[in-house]
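Participant: File final-v5.txt below, compact mmCIF, N, CA and C atoms:
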```txt
# COMPACT_ATOMS: atom_id res chain seq x y z
N MET K 16 107.82 97.41 -14.16
CA MET K 16 108.77 97.45 -15.25
C MET K 16 109.96 98.35 -14.94
N GLY K 17 109.75 99.31 -14.07
CA GLY K 17 110.84 100.18 -13.67
C GLY K 17 111.30 101.15 -14.74
N ILE K 18 110.42 101.55 -15.64
CA ILE K 18 110.78 102.50 -16.69
C ILE K 18 110.23 103.86 -16.31
N SER K 19 111.11 104.83 -16.15
CA SER K 19 110.70 106.18 -15.80
C SER K 19 109.95 106.83 -16.96
N PRO K 20 108.88 107.57 -16.67
CA PRO K 20 108.16 108.28 -17.73
C PRO K 20 109.04 109.33 -18.42
N GLN K 21 110.14 109.72 -17.78
CA GLN K 21 111.05 110.71 -18.36
C GLN K 21 112.08 110.08 -19.30
N THR K 22 112.07 108.75 -19.40
CA THR K 22 113.04 108.05 -20.23
C THR K 22 112.85 108.40 -21.70
N CYS K 23 113.95 108.58 -22.39
CA CYS K 23 113.90 108.84 -23.82
C CYS K 23 113.30 107.64 -24.53
N SER K 24 112.47 107.89 -25.50
CA SER K 24 111.84 106.80 -26.25
C SER K 24 111.96 107.08 -27.75
N PHE K 25 111.29 106.30 -28.54
CA PHE K 25 111.34 106.50 -29.98
C PHE K 25 110.00 106.13 -30.60
N ASN K 26 109.81 106.56 -31.84
CA ASN K 26 108.58 106.27 -32.58
C ASN K 26 108.76 104.96 -33.30
N ALA K 27 107.92 103.99 -32.98
CA ALA K 27 108.03 102.67 -33.60
C ALA K 27 107.56 102.65 -35.05
N GLY K 28 107.06 103.77 -35.54
CA GLY K 28 106.62 103.82 -36.93
C GLY K 28 107.77 103.71 -37.91
N VAL K 29 108.95 104.12 -37.49
CA VAL K 29 110.14 104.06 -38.36
C VAL K 29 111.32 103.64 -37.50
N PHE K 30 111.87 102.47 -37.80
CA PHE K 30 113.09 102.07 -37.13
C PHE K 30 113.83 101.06 -38.00
N VAL K 31 115.12 100.96 -37.76
CA VAL K 31 116.00 100.08 -38.53
C VAL K 31 116.38 98.92 -37.62
N VAL K 32 116.40 97.71 -38.17
CA VAL K 32 116.64 96.51 -37.36
C VAL K 32 117.82 95.71 -37.90
N ASP K 33 118.65 95.23 -37.00
CA ASP K 33 119.67 94.24 -37.32
C ASP K 33 118.98 92.89 -37.16
N MET K 34 118.58 92.28 -38.26
CA MET K 34 117.78 91.05 -38.20
C MET K 34 118.52 89.89 -37.52
N ARG K 35 119.83 89.87 -37.64
CA ARG K 35 120.58 88.81 -36.96
C ARG K 35 120.41 88.94 -35.45
N LYS K 36 120.56 90.15 -34.94
CA LYS K 36 120.39 90.37 -33.49
C LYS K 36 118.93 90.18 -33.09
N TRP K 37 118.00 90.57 -33.96
CA TRP K 37 116.57 90.37 -33.68
C TRP K 37 116.30 88.89 -33.41
N LYS K 38 116.81 88.04 -34.28
CA LYS K 38 116.60 86.60 -34.13
C LYS K 38 117.35 86.05 -32.92
N GLU K 39 118.61 86.47 -32.74
CA GLU K 39 119.41 85.99 -31.61
C GLU K 39 118.75 86.33 -30.27
N ASN K 40 118.08 87.46 -30.20
CA ASN K 40 117.47 87.92 -28.95
C ASN K 40 115.97 87.59 -28.85
N ASN K 41 115.48 86.79 -29.78
CA ASN K 41 114.07 86.36 -29.75
C ASN K 41 113.11 87.54 -29.59
N ILE K 42 113.33 88.58 -30.35
CA ILE K 42 112.53 89.80 -30.22
C ILE K 42 111.06 89.55 -30.54
N THR K 43 110.77 88.77 -31.56
CA THR K 43 109.37 88.51 -31.91
C THR K 43 108.63 87.88 -30.73
N ASP K 44 109.25 86.88 -30.09
CA ASP K 44 108.63 86.24 -28.93
C ASP K 44 108.39 87.23 -27.81
N LYS K 45 109.35 88.12 -27.58
CA LYS K 45 109.21 89.11 -26.50
C LYS K 45 108.08 90.09 -26.80
N LEU K 46 108.00 90.53 -28.05
CA LEU K 46 106.92 91.45 -28.43
C LEU K 46 105.56 90.77 -28.28
N GLU K 47 105.47 89.55 -28.75
CA GLU K 47 104.21 88.81 -28.66
C GLU K 47 103.81 88.57 -27.20
N TYR K 48 104.79 88.34 -26.35
CA TYR K 48 104.52 88.15 -24.92
C TYR K 48 103.80 89.39 -24.36
N TRP K 49 104.37 90.59 -24.61
CA TRP K 49 103.79 91.81 -24.06
C TRP K 49 102.43 92.10 -24.68
N MET K 50 102.27 91.83 -25.95
CA MET K 50 100.98 92.07 -26.59
C MET K 50 99.91 91.14 -26.03
N GLU K 51 100.25 89.88 -25.84
CA GLU K 51 99.30 88.92 -25.28
C GLU K 51 98.97 89.26 -23.82
N LEU K 52 100.01 89.61 -23.05
CA LEU K 52 99.78 89.98 -21.66
C LEU K 52 98.85 91.18 -21.56
N ASN K 53 99.02 92.14 -22.46
CA ASN K 53 98.16 93.32 -22.44
C ASN K 53 96.70 92.97 -22.74
N THR K 54 96.46 92.00 -23.62
CA THR K 54 95.08 91.61 -23.91
C THR K 54 94.42 90.98 -22.68
N LYS K 55 95.23 90.34 -21.83
CA LYS K 55 94.69 89.69 -20.62
C LYS K 55 94.60 90.65 -19.44
N GLU K 56 95.60 91.54 -19.30
CA GLU K 56 95.69 92.36 -18.09
C GLU K 56 95.64 93.87 -18.33
N ASN K 57 95.52 94.29 -19.58
CA ASN K 57 95.44 95.72 -19.92
C ASN K 57 96.55 96.54 -19.25
N ILE K 58 97.78 96.10 -19.47
CA ILE K 58 98.94 96.74 -18.84
C ILE K 58 99.19 98.14 -19.39
N TYR K 59 99.15 98.29 -20.69
CA TYR K 59 99.43 99.60 -21.29
C TYR K 59 98.26 100.16 -22.07
N GLY K 60 97.10 99.59 -21.95
CA GLY K 60 95.90 100.16 -22.55
C GLY K 60 95.68 99.76 -23.99
N SER K 61 94.65 100.33 -24.54
CA SER K 61 94.30 100.02 -25.93
C SER K 61 93.85 101.30 -26.63
N GLN K 62 94.79 102.20 -26.84
CA GLN K 62 94.49 103.49 -27.47
C GLN K 62 94.50 103.38 -28.99
N GLY K 63 93.76 102.47 -29.53
CA GLY K 63 93.68 102.33 -30.98
C GLY K 63 94.76 101.42 -31.52
N VAL K 64 94.93 101.48 -32.83
CA VAL K 64 95.86 100.59 -33.53
C VAL K 64 97.29 100.73 -33.03
N ALA K 65 97.75 101.96 -32.82
CA ALA K 65 99.13 102.18 -32.40
C ALA K 65 99.45 101.51 -31.07
N ALA K 66 98.44 101.38 -30.22
CA ALA K 66 98.68 100.76 -28.92
C ALA K 66 99.13 99.32 -29.07
N GLY K 67 98.83 98.70 -30.18
CA GLY K 67 99.23 97.32 -30.39
C GLY K 67 100.71 97.15 -30.61
N SER K 68 101.39 98.14 -31.17
CA SER K 68 102.81 97.99 -31.48
C SER K 68 103.72 98.92 -30.68
N GLN K 69 103.35 100.15 -30.48
CA GLN K 69 104.25 101.11 -29.83
C GLN K 69 104.65 100.71 -28.41
N PRO K 70 103.72 100.45 -27.49
CA PRO K 70 104.15 100.12 -26.12
C PRO K 70 105.04 98.88 -26.01
N PRO K 71 104.69 97.74 -26.64
CA PRO K 71 105.59 96.59 -26.47
C PRO K 71 106.97 96.82 -27.08
N ILE K 72 107.04 97.55 -28.16
CA ILE K 72 108.34 97.85 -28.77
C ILE K 72 109.16 98.72 -27.82
N MET K 73 108.51 99.70 -27.20
CA MET K 73 109.23 100.57 -26.26
C MET K 73 109.70 99.78 -25.04
N ILE K 74 108.90 98.81 -24.60
CA ILE K 74 109.29 97.98 -23.45
C ILE K 74 110.47 97.08 -23.81
N VAL K 75 110.35 96.36 -24.90
CA VAL K 75 111.39 95.40 -25.30
C VAL K 75 112.71 96.09 -25.64
N PHE K 76 112.64 97.27 -26.25
CA PHE K 76 113.86 97.96 -26.65
C PHE K 76 114.32 99.03 -25.66
N HIS K 77 113.73 99.05 -24.47
CA HIS K 77 114.14 100.02 -23.45
C HIS K 77 115.65 99.92 -23.22
N ASN K 78 116.34 101.03 -23.43
CA ASN K 78 117.81 101.12 -23.28
C ASN K 78 118.57 100.15 -24.19
N ARG K 79 117.95 99.72 -25.28
CA ARG K 79 118.61 98.78 -26.21
C ARG K 79 118.48 99.27 -27.65
N TYR K 80 118.76 100.52 -27.89
CA TYR K 80 118.67 101.04 -29.25
C TYR K 80 119.72 102.13 -29.45
N SER K 81 119.98 102.43 -30.70
CA SER K 81 120.90 103.50 -31.08
C SER K 81 120.10 104.59 -31.76
N ARG K 82 120.52 105.80 -31.60
CA ARG K 82 119.82 106.92 -32.23
C ARG K 82 120.26 107.04 -33.69
N LEU K 83 119.30 107.40 -34.53
CA LEU K 83 119.58 107.67 -35.93
C LEU K 83 119.73 109.17 -36.12
N ASP K 84 120.50 109.55 -37.11
CA ASP K 84 120.58 110.95 -37.50
C ASP K 84 119.16 111.44 -37.81
N PRO K 85 118.76 112.62 -37.33
CA PRO K 85 117.40 113.11 -37.56
C PRO K 85 116.99 113.15 -39.04
N LEU K 86 117.93 113.21 -39.94
CA LEU K 86 117.58 113.21 -41.36
C LEU K 86 117.01 111.86 -41.81
N TRP K 87 117.18 110.83 -41.00
CA TRP K 87 116.63 109.51 -41.32
C TRP K 87 115.18 109.35 -40.86
N HIS K 88 114.63 110.36 -40.19
CA HIS K 88 113.21 110.31 -39.82
C HIS K 88 112.68 111.72 -39.60
N VAL K 89 112.32 112.38 -40.69
CA VAL K 89 111.73 113.70 -40.61
C VAL K 89 110.23 113.48 -40.52
N ARG K 90 109.68 113.80 -39.36
CA ARG K 90 108.29 113.43 -39.09
C ARG K 90 107.38 114.65 -38.94
N HIS K 91 106.13 114.37 -38.66
CA HIS K 91 105.07 115.35 -38.45
C HIS K 91 104.66 116.07 -39.73
N LEU K 92 104.95 115.50 -40.87
CA LEU K 92 104.56 116.16 -42.12
C LEU K 92 103.07 116.09 -42.37
N GLY K 93 102.36 115.18 -41.69
CA GLY K 93 100.93 115.04 -41.88
C GLY K 93 100.09 115.74 -40.83
N LEU K 94 100.70 116.60 -40.05
CA LEU K 94 99.96 117.33 -39.02
C LEU K 94 99.60 118.72 -39.52
N HIS K 95 98.48 119.23 -39.06
CA HIS K 95 98.04 120.57 -39.47
C HIS K 95 98.91 121.67 -38.88
N VAL K 96 99.37 121.44 -37.68
CA VAL K 96 100.16 122.46 -36.99
C VAL K 96 101.52 121.87 -36.62
N GLY K 97 102.41 122.73 -36.25
CA GLY K 97 103.69 122.24 -35.77
C GLY K 97 104.77 122.32 -36.82
N SER K 98 105.57 121.30 -36.88
CA SER K 98 106.82 121.28 -37.63
C SER K 98 106.70 121.85 -39.04
N ARG K 99 107.45 122.89 -39.25
CA ARG K 99 107.61 123.44 -40.60
C ARG K 99 109.09 123.35 -40.90
N TYR K 100 109.38 122.78 -42.02
CA TYR K 100 110.77 122.56 -42.39
C TYR K 100 111.12 123.38 -43.62
N SER K 101 112.38 123.74 -43.72
CA SER K 101 112.82 124.46 -44.91
C SER K 101 112.89 123.47 -46.08
N ARG K 102 112.74 123.98 -47.25
CA ARG K 102 112.84 123.15 -48.46
C ARG K 102 114.19 122.46 -48.51
N GLN K 103 115.24 123.16 -48.18
CA GLN K 103 116.58 122.58 -48.21
C GLN K 103 116.69 121.39 -47.26
N PHE K 104 116.17 121.54 -46.04
CA PHE K 104 116.21 120.46 -45.07
C PHE K 104 115.47 119.24 -45.60
N LEU K 105 114.28 119.45 -46.16
CA LEU K 105 113.49 118.33 -46.68
C LEU K 105 114.17 117.65 -47.86
N GLN K 106 114.84 118.43 -48.69
CA GLN K 106 115.55 117.84 -49.82
C GLN K 106 116.75 117.01 -49.36
N GLU K 107 117.33 117.36 -48.22
CA GLU K 107 118.48 116.62 -47.69
C GLU K 107 118.06 115.40 -46.87
N ALA K 108 116.79 115.33 -46.49
CA ALA K 108 116.29 114.24 -45.65
C ALA K 108 116.38 112.90 -46.39
N HIS K 109 116.54 111.84 -45.61
CA HIS K 109 116.60 110.48 -46.17
C HIS K 109 115.25 109.79 -46.11
N LEU K 110 114.42 110.15 -45.11
CA LEU K 110 113.12 109.52 -44.96
C LEU K 110 112.13 110.57 -44.45
N LEU K 111 111.03 110.73 -45.19
CA LEU K 111 109.98 111.67 -44.80
C LEU K 111 108.79 110.89 -44.28
N HIS K 112 108.25 111.29 -43.13
CA HIS K 112 107.17 110.55 -42.48
C HIS K 112 105.95 111.46 -42.32
N TRP K 113 104.90 111.17 -43.08
CA TRP K 113 103.65 111.92 -42.98
C TRP K 113 102.78 111.30 -41.89
N ASN K 114 103.28 111.31 -40.64
CA ASN K 114 102.42 110.86 -39.55
C ASN K 114 101.42 111.97 -39.28
N GLY K 115 100.25 111.59 -38.84
CA GLY K 115 99.17 112.55 -38.68
C GLY K 115 98.08 112.27 -39.70
N GLY K 116 97.10 113.13 -39.76
CA GLY K 116 95.93 112.89 -40.60
C GLY K 116 96.09 113.20 -42.07
N ASP K 117 97.00 114.10 -42.42
CA ASP K 117 97.14 114.50 -43.82
C ASP K 117 98.21 113.66 -44.52
N LYS K 118 97.76 112.87 -45.48
CA LYS K 118 98.66 112.00 -46.24
C LYS K 118 98.61 112.43 -47.71
N PRO K 119 99.75 112.60 -48.35
CA PRO K 119 99.73 113.05 -49.74
C PRO K 119 99.09 112.05 -50.70
N TRP K 120 98.99 110.79 -50.34
CA TRP K 120 98.37 109.80 -51.20
C TRP K 120 96.86 109.70 -50.97
N VAL K 121 96.36 110.49 -49.98
CA VAL K 121 94.93 110.48 -49.68
C VAL K 121 94.29 111.82 -50.02
N ASN K 122 94.93 112.90 -49.61
CA ASN K 122 94.36 114.23 -49.81
C ASN K 122 95.48 115.25 -49.88
N SER K 123 95.12 116.50 -49.85
CA SER K 123 96.15 117.54 -49.87
C SER K 123 96.91 117.51 -48.55
N ALA K 124 98.20 117.62 -48.66
CA ALA K 124 99.05 117.63 -47.47
C ALA K 124 100.23 118.54 -47.73
N ARG K 125 100.78 119.08 -46.65
CA ARG K 125 101.98 119.88 -46.81
C ARG K 125 103.08 119.05 -47.44
N TYR K 126 103.82 119.65 -48.31
CA TYR K 126 104.97 119.03 -48.97
C TYR K 126 104.57 117.84 -49.86
N SER K 127 103.32 117.80 -50.31
CA SER K 127 102.89 116.72 -51.22
C SER K 127 103.72 116.69 -52.49
N ASP K 128 104.17 117.86 -52.92
CA ASP K 128 104.95 117.92 -54.15
C ASP K 128 106.25 117.11 -54.03
N ILE K 129 106.80 117.03 -52.83
CA ILE K 129 108.01 116.22 -52.63
C ILE K 129 107.65 114.74 -52.73
N TRP K 130 106.54 114.33 -52.12
CA TRP K 130 106.08 112.94 -52.23
C TRP K 130 105.84 112.59 -53.69
N ASP K 131 105.25 113.52 -54.44
CA ASP K 131 104.96 113.28 -55.86
C ASP K 131 106.22 112.93 -56.65
N GLN K 132 107.35 113.51 -56.27
CA GLN K 132 108.61 113.24 -56.99
C GLN K 132 109.01 111.77 -56.91
N TYR K 133 108.61 111.11 -55.84
CA TYR K 133 109.06 109.73 -55.61
C TYR K 133 107.97 108.69 -55.80
N TYR K 134 106.75 109.15 -56.05
CA TYR K 134 105.64 108.22 -56.22
C TYR K 134 105.82 107.38 -57.49
N ILE K 135 105.74 106.09 -57.34
CA ILE K 135 105.79 105.15 -58.47
C ILE K 135 104.49 104.37 -58.42
N PRO K 136 103.69 104.40 -59.48
CA PRO K 136 102.43 103.65 -59.45
C PRO K 136 102.66 102.16 -59.21
N ASP K 137 101.76 101.57 -58.47
CA ASP K 137 101.81 100.14 -58.17
C ASP K 137 101.64 99.37 -59.47
N PRO K 138 102.64 98.56 -59.86
CA PRO K 138 102.54 97.84 -61.14
C PRO K 138 101.39 96.82 -61.17
N THR K 139 100.92 96.39 -59.99
CA THR K 139 99.80 95.44 -59.98
C THR K 139 98.46 96.14 -60.09
N GLY K 140 98.46 97.47 -59.84
CA GLY K 140 97.22 98.23 -59.91
C GLY K 140 96.36 98.14 -58.66
N HIS K 141 96.85 97.46 -57.63
CA HIS K 141 96.07 97.32 -56.40
C HIS K 141 96.06 98.58 -55.55
N PHE K 142 97.19 99.28 -55.49
CA PHE K 142 97.28 100.49 -54.68
C PHE K 142 97.17 101.70 -55.59
N LYS K 143 96.23 102.56 -55.28
CA LYS K 143 96.07 103.80 -56.03
C LYS K 143 95.83 104.92 -55.03
N PRO K 144 96.49 106.06 -55.23
CA PRO K 144 96.20 107.19 -54.34
C PRO K 144 94.71 107.51 -54.38
N MET K 145 94.17 107.92 -53.22
CA MET K 145 92.73 108.18 -53.11
C MET K 145 92.47 109.67 -53.28
N GLY K 146 91.29 110.01 -53.77
CA GLY K 146 90.86 111.38 -53.84
C GLY K 146 91.65 112.23 -54.80
N SER K 147 91.19 113.43 -54.97
CA SER K 147 91.94 114.36 -55.82
C SER K 147 92.74 115.26 -54.91
N ARG K 148 93.97 115.47 -55.27
CA ARG K 148 94.86 116.26 -54.42
C ARG K 148 95.42 117.41 -55.21
N ASN K 149 95.64 118.49 -54.53
CA ASN K 149 96.42 119.59 -55.02
C ASN K 149 97.54 119.78 -54.02
N SER K 150 98.75 119.73 -54.47
CA SER K 150 99.87 119.86 -53.53
C SER K 150 99.83 121.22 -52.83
N LEU K 151 100.04 121.17 -51.55
CA LEU K 151 100.15 122.39 -50.76
C LEU K 151 101.62 122.57 -50.44
N THR K 152 102.21 123.61 -50.89
CA THR K 152 103.60 123.86 -50.56
C THR K 152 103.64 124.97 -49.53
N VAL K 153 104.54 124.82 -48.61
CA VAL K 153 104.66 125.81 -47.54
C VAL K 153 106.08 126.31 -47.53
```
Would you encode the structure as structure tokens?
Facilitator:
Amino acid sequence: MGISPQTCSFNAGVFVVDMRKWKENNITDKLEYWMELNTKENIYGSQGVAAGSQPPIMIVFHNRYSRLDPLWHVRHLGLHVGSRYSRQFLQEAHLLHWNGGDKPWVNSARYSDIWDQYYIPDPTGHFKPMGSRNSLTV
């Protein structure tokens, strides 16, 4: 593939797509090609659910993406250690990503009180937050 391990990449959990260009460039077909090839030849492994989407997206979009302002993807909110953000920064953010094990809709998580501000109950009643949570503010 000729992709250096030092190459800048991105998290496929959050990205913005120009659907016109997606269709023009047959992106779905390209992604499916890499996913199918991996099931036959184990090219990029099978490290759980994420392995199904992250590697083919990184391959197909190698050197074909634009960077978003960091406020459009504030991540690591669901991790026990690491990123601690100021309240002001989080209030200015456009998208908060609770990647990691702690999710405010499942259990106590850092900055759950911010998630609570935007939570709208599912009108169909199918989705309900699990467990009892107490917001942890840091």
Participant: Record the distance separating atom C of Ile74 (chain K) and CA of Ile42 (chain K), expressed in Å with one decimal.
Facilitator: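 CA of Ile42 (chain K) lies at a distance of 9.9 Å from atom C of Ile74 (chain K).
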Participant: Which of these, K:Cys23, K:Leu92, K:Ile135, K:Leu86, has the shortest distance to His109 (chain K) once you count only N, CA and C atoms?
Facilitator: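 Using only N, CA and C atoms, the shortest distance to His109 (chain K) belongs to K:Leu86.
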Participant: Report as a list of chain:residue names all protein, DNA and RNA residues lying within 8 Å of Trp130 (chain K), evaluated on all atoms listed in the file, omitting residues in the same chain fewer than 5 positions from it.
Facilitator: K:Pro119, K:Trp120, K:Arg125, K:Ile135
Participant: I need the residues in region 30-130 of chain K that are alpha helix (DSSP H) according to DSSP; give them as a ChimeraX atom specification.
Facilitator: /K:34-39,42-56,69-75,102-107,127-130
Participant: Suppose you want the space between atom C of Tyr134 (chain K) and atom N of Val121 (chain K); what is it in Å?
Facilitator: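 Those two atoms sit 12.5 Å apart.
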Participant: Considering only C-alpha atoms, can you say which of K:His95, K:Pro136, K:Ala108, K:Leu52 comes closest to Ser123 (chain K)?
Facilitator: K:His95
Participant: From (110.7, 100.4, -35.9), in the file's coordinates, out to 10 Å: which residues are reached, counting only C-alpha atoms? Answer as a ChimeraX atom specification.
Facilitator: /K:25-32,68-69,72-73
Participant: Tell me, in Å to one decimal, how far atom C of His91 (chain K) is from atom C of Asp137 (chain K).
Facilitator: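 These two atoms are separated by 26.0 Å.
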Participant: Counting only C-alpha atoms, which of K:Phe104, K:Asn78, K:Asn114, K:Thr139 gets nearest to Ser19 (chain K)?
Facilitator: K:Asn78
Participant: Taking 3 positions as the minimum chain separation for residues in the same chain, which residues sit within 6.5 Å of His88 (chain K) when counting all atoms listed in the file? Answer as a list of chain:residue names.
Facilitator: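 Residues near the query, excluding close chain neighbours: K:Asp84, K:Pro85, K:His109, K:Leu110, K:Leu111, K:His112.
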